[in-house]
Amino acid sequence: MERRTALRFRRRLLTELGQRGQLLGKLKRSIAEQGERYIQSGGAFTNHMAEAATEESDRESDYYLADNQGRVLGEIEEAIRRIDSGNFGQCELCKKPIEQKRLEVLPYARYCLRCQEKAERLAKN
Ligand SMILES: [Zn+2]
């Protein structure tokens with residue numbers, strides 16, 4: 001991949017890193033606030049069981065989102081490191097170049113489309 005193209009991806013990844021980092025911060029604050037409310041309301045021993053259940057599932061989805069964001073953030077950091085070490089855009093499995101179209105959609109992709117599909121099939125079994 002041309003250096004110029006790689007640097008363009010690097011800028012995009014840095015922007016995304018900042019945005020997702022902010023979102024993760026918000027999610028973590030929200031989780032902390034919900035946890036506090038939960039404790040203040042007396043935990044599970046509340047008279048408003050339905051409300052508590054809603055809060056519980058809100059908290060779970062925030063956890064899930066935060067977890068997911070954290071993982072993507074790690075992937076983005078890895079991709080930036082790959083750009084800096086000069087092997088960005090190369091499939092980690094077959095070592096062939098990852099389709100540029102795929103990188104435009106998912107700049108932190110580790111694998112080419114074929115290897116990704118193969119990996120997903122393996123994960124399902
Ligand atoms: Zn591959």
# chains A, B, ... in the order shown; residues from 1 in each chain; ligands from 1
>>> residues_near_ligand(ligand="ligand 1", cutoff="10 Å", atoms="only C-alpha atoms and all ligand atoms", output="VMD selection string")
chain A and resid 90 to 99 110 to 119
>>> write_last_selection(atoms="N, CA and C atoms", output="mmCIF file, in the first residue's frame")
data_model
loop_
_atom_site.group_PDB
_atom_site.id
_atom_site.type_symbol
_atom_site.label_atom_id
_atom_site.label_comp_id
_atom_site.auth_asym_id
_atom_site.auth_seq_id
_atom_site.Cartn_x
_atom_site.Cartn_y
_atom_site.Cartn_z
ATOM 1 N N GLN A 90 -2.263 -5.606 5.246
ATOM 2 C CA GLN A 90 -1.876 -6.964 4.889
ATOM 3 C C GLN A 90 -2.636 -7.938 5.776
ATOM 4 N N CYS A 91 -3.235 -8.934 5.157
ATOM 5 C CA CYS A 91 -3.999 -9.916 5.920
ATOM 6 C C CYS A 91 -3.061 -10.673 6.860
ATOM 7 N N GLU A 92 -3.474 -10.804 8.118
ATOM 8 C CA GLU A 92 -2.592 -11.455 9.090
ATOM 9 C C GLU A 92 -2.521 -12.960 8.890
ATOM 10 N N LEU A 93 -3.489 -13.506 8.149
ATOM 11 C CA LEU A 93 -3.482 -14.953 7.940
ATOM 12 C C LEU A 93 -2.794 -15.343 6.645
ATOM 13 N N CYS A 94 -3.287 -14.816 5.517
ATOM 14 C CA CYS A 94 -2.723 -15.261 4.234
ATOM 15 C C CYS A 94 -1.652 -14.310 3.719
ATOM 16 N N LYS A 95 -1.447 -13.184 4.431
ATOM 17 C CA LYS A 95 -0.401 -12.203 4.089
ATOM 18 C C LYS A 95 -0.639 -11.494 2.761
ATOM 19 N N LYS A 96 -1.826 -11.686 2.198
ATOM 20 C CA LYS A 96 -2.149 -10.967 0.961
ATOM 21 C C LYS A 96 -2.724 -9.604 1.328
ATOM 22 N N PRO A 97 -2.707 -8.668 0.374
ATOM 23 C CA PRO A 97 -3.283 -7.357 0.696
ATOM 24 C C PRO A 97 -4.788 -7.462 0.949
ATOM 25 N N ILE A 98 -5.243 -6.745 1.965
ATOM 26 C CA ILE A 98 -6.679 -6.679 2.246
ATOM 27 C C ILE A 98 -7.312 -5.759 1.202
ATOM 28 N N GLU A 99 -8.476 -6.139 0.711
ATOM 29 C CA GLU A 99 -9.164 -5.336 -0.302
ATOM 30 C C GLU A 99 -9.307 -3.896 0.181
ATOM 31 N N ARG A 110 -8.253 -6.844 10.271
ATOM 32 C CA ARG A 110 -6.996 -7.598 10.349
ATOM 33 C C ARG A 110 -6.846 -8.580 9.195
ATOM 34 N N TYR A 111 -8.007 -9.033 8.705
ATOM 35 C CA TYR A 111 -7.980 -10.097 7.710
ATOM 36 C C TYR A 111 -8.669 -9.659 6.426
ATOM 37 N N CYS A 112 -8.283 -10.298 5.324
ATOM 38 C CA CYS A 112 -8.988 -10.075 4.071
ATOM 39 C C CYS A 112 -10.367 -10.729 4.203
ATOM 40 N N LEU A 113 -11.222 -10.407 3.248
ATOM 41 C CA LEU A 113 -12.601 -10.881 3.327
ATOM 42 C C LEU A 113 -12.675 -12.406 3.422
ATOM 43 N N ARG A 114 -11.867 -13.072 2.600
ATOM 44 C CA ARG A 114 -11.905 -14.538 2.589
ATOM 45 C C ARG A 114 -11.513 -15.124 3.938
ATOM 46 N N CYS A 115 -10.430 -14.623 4.508
ATOM 47 C CA CYS A 115 -9.960 -15.157 5.787
ATOM 48 C C CYS A 115 -10.949 -14.808 6.902
ATOM 49 N N GLN A 116 -11.549 -13.614 6.822
ATOM 50 C CA GLN A 116 -12.531 -13.210 7.824
ATOM 51 C C GLN A 116 -13.714 -14.177 7.821
ATOM 52 N N GLU A 117 -14.188 -14.485 6.602
ATOM 53 C CA GLU A 117 -15.328 -15.403 6.501
ATOM 54 C C GLU A 117 -14.958 -16.781 7.024
ATOM 55 N N LYS A 118 -13.743 -17.193 6.703
ATOM 56 C CA LYS A 118 -13.267 -18.490 7.181
ATOM 57 C C LYS A 118 -13.230 -18.497 8.717
ATOM 58 N N ALA A 119 -12.682 -17.414 9.294
ATOM 59 C CA ALA A 119 -12.568 -17.316 10.747
ATOM 60 C C ALA A 119 -13.945 -17.329 11.404
#
>>> select_by_dssp(residues="chain A", states="alpha helix (DSSP H)", output="MDAnalysis selection string")
chainID A and resid 3:40 49:85 100:105 113:124
>>> write_last_selection(atoms="C-alpha atoms", output="mmCIF file, in the first residue's frame")
data_model
loop_
_atom_site.group_PDB
_atom_site.id
_atom_site.type_symbol
_atom_site.label_atom_id
_atom_site.label_comp_id
_atom_site.auth_asym_id
_atom_site.auth_seq_id
_atom_site.Cartn_x
_atom_site.Cartn_y
_atom_site.Cartn_z
ATOM 1 C CA ARG A 3 2.508 5.485 2.135
ATOM 2 C CA ARG A 4 0.121 8.305 1.299
ATOM 3 C CA THR A 5 -2.874 5.985 1.386
ATOM 4 C CA ALA A 6 -1.704 4.478 4.655
ATOM 5 C CA LEU A 7 -1.339 7.924 6.191
ATOM 6 C CA ARG A 8 -4.836 8.838 5.073
ATOM 7 C CA PHE A 9 -6.115 5.754 6.909
ATOM 8 C CA ARG A 10 -4.003 6.723 9.910
ATOM 9 C CA ARG A 11 -5.730 10.107 10.143
ATOM 10 C CA ARG A 12 -9.120 8.428 9.880
ATOM 11 C CA LEU A 13 -8.233 5.909 12.569
ATOM 12 C CA LEU A 14 -7.030 8.651 14.898
ATOM 13 C CA THR A 15 -10.307 10.546 14.473
ATOM 14 C CA GLU A 16 -12.279 7.398 15.148
ATOM 15 C CA LEU A 17 -10.104 6.619 18.161
ATOM 16 C CA GLY A 18 -10.949 10.035 19.635
ATOM 17 C CA GLN A 19 -14.677 9.722 18.972
ATOM 18 C CA ARG A 20 -14.957 6.215 20.327
ATOM 19 C CA GLY A 21 -12.814 7.118 23.315
ATOM 20 C CA GLN A 22 -15.262 9.886 24.194
ATOM 21 C CA LEU A 23 -18.218 7.569 23.769
ATOM 22 C CA LEU A 24 -16.574 4.978 26.000
ATOM 23 C CA GLY A 25 -15.998 7.646 28.658
ATOM 24 C CA LYS A 26 -19.691 8.572 28.531
ATOM 25 C CA LEU A 27 -20.762 4.943 28.807
ATOM 26 C CA LYS A 28 -18.504 4.386 31.784
ATOM 27 C CA ARG A 29 -19.919 7.451 33.531
ATOM 28 C CA SER A 30 -23.438 6.264 32.783
ATOM 29 C CA ILE A 31 -22.668 2.821 34.217
ATOM 30 C CA ALA A 32 -21.204 4.408 37.350
ATOM 31 C CA GLU A 33 -24.245 6.675 37.790
ATOM 32 C CA GLN A 34 -26.666 3.813 37.311
ATOM 33 C CA GLY A 35 -24.733 1.759 39.813
ATOM 34 C CA GLU A 36 -24.980 4.569 42.335
ATOM 35 C CA ARG A 37 -28.716 4.976 41.803
ATOM 36 C CA TYR A 38 -29.123 1.237 42.201
ATOM 37 C CA ILE A 39 -27.316 1.285 45.532
ATOM 38 C CA GLN A 40 -29.235 4.354 46.732
ATOM 39 C CA MET A 49 -39.502 -4.129 40.724
ATOM 40 C CA ALA A 50 -40.416 -3.331 37.112
ATOM 41 C CA GLU A 51 -38.407 -0.142 37.235
ATOM 42 C CA ALA A 52 -35.483 -2.005 38.726
ATOM 43 C CA ALA A 53 -35.639 -4.561 35.932
ATOM 44 C CA THR A 54 -35.539 -1.819 33.302
ATOM 45 C CA GLU A 55 -32.570 -0.214 35.001
ATOM 46 C CA GLU A 56 -30.887 -3.565 35.203
ATOM 47 C CA SER A 57 -31.223 -4.158 31.475
ATOM 48 C CA ASP A 58 -30.125 -0.577 30.710
ATOM 49 C CA ARG A 59 -27.021 -1.211 32.717
ATOM 50 C CA GLU A 60 -26.404 -4.491 30.978
ATOM 51 C CA SER A 61 -26.635 -2.933 27.535
ATOM 52 C CA ASP A 62 -24.280 -0.140 28.622
ATOM 53 C CA TYR A 63 -21.846 -2.757 29.851
ATOM 54 C CA TYR A 64 -22.139 -4.561 26.568
ATOM 55 C CA LEU A 65 -21.608 -1.361 24.572
ATOM 56 C CA ALA A 66 -18.668 -0.289 26.721
ATOM 57 C CA ASP A 67 -17.086 -3.706 26.354
ATOM 58 C CA ASN A 68 -17.579 -3.579 22.611
ATOM 59 C CA GLN A 69 -16.200 -0.030 22.334
ATOM 60 C CA GLY A 70 -13.185 -1.040 24.383
ATOM 61 C CA ARG A 71 -12.481 -3.916 22.034
ATOM 62 C CA VAL A 72 -12.801 -1.742 18.918
ATOM 63 C CA LEU A 73 -10.534 0.880 20.507
ATOM 64 C CA GLY A 74 -7.888 -1.823 20.953
ATOM 65 C CA GLU A 75 -8.308 -2.875 17.321
ATOM 66 C CA ILE A 76 -7.896 0.729 16.159
ATOM 67 C CA GLU A 77 -4.732 1.163 18.224
ATOM 68 C CA GLU A 78 -3.369 -2.049 16.710
ATOM 69 C CA ALA A 79 -4.150 -0.798 13.198
ATOM 70 C CA ILE A 80 -2.288 2.460 13.862
ATOM 71 C CA ARG A 81 0.693 0.428 15.076
ATOM 72 C CA ARG A 82 0.540 -1.624 11.876
ATOM 73 C CA ILE A 83 0.620 1.578 9.819
ATOM 74 C CA ASP A 84 3.641 2.791 11.770
ATOM 75 C CA SER A 85 5.477 -0.483 11.306
ATOM 76 C CA GLN A 100 -9.004 -1.548 -0.264
ATOM 77 C CA LYS A 101 -12.813 -1.381 -0.402
ATOM 78 C CA ARG A 102 -12.931 -3.425 2.784
ATOM 79 C CA LEU A 103 -10.436 -1.100 4.471
ATOM 80 C CA GLU A 104 -12.535 1.915 3.495
ATOM 81 C CA VAL A 105 -15.435 0.387 5.417
ATOM 82 C CA LEU A 113 -12.601 -10.881 3.327
ATOM 83 C CA ARG A 114 -11.905 -14.538 2.589
ATOM 84 C CA CYS A 115 -9.960 -15.157 5.787
ATOM 85 C CA GLN A 116 -12.531 -13.210 7.824
ATOM 86 C CA GLU A 117 -15.328 -15.403 6.501
ATOM 87 C CA LYS A 118 -13.267 -18.490 7.181
ATOM 88 C CA ALA A 119 -12.568 -17.316 10.747
ATOM 89 C CA GLU A 120 -16.264 -16.609 11.343
ATOM 90 C CA ARG A 121 -17.250 -20.042 10.091
ATOM 91 C CA LEU A 122 -14.712 -21.627 12.425
ATOM 92 C CA ALA A 123 -15.971 -19.544 15.360
ATOM 93 C CA LYS A 124 -19.524 -20.776 14.801
#
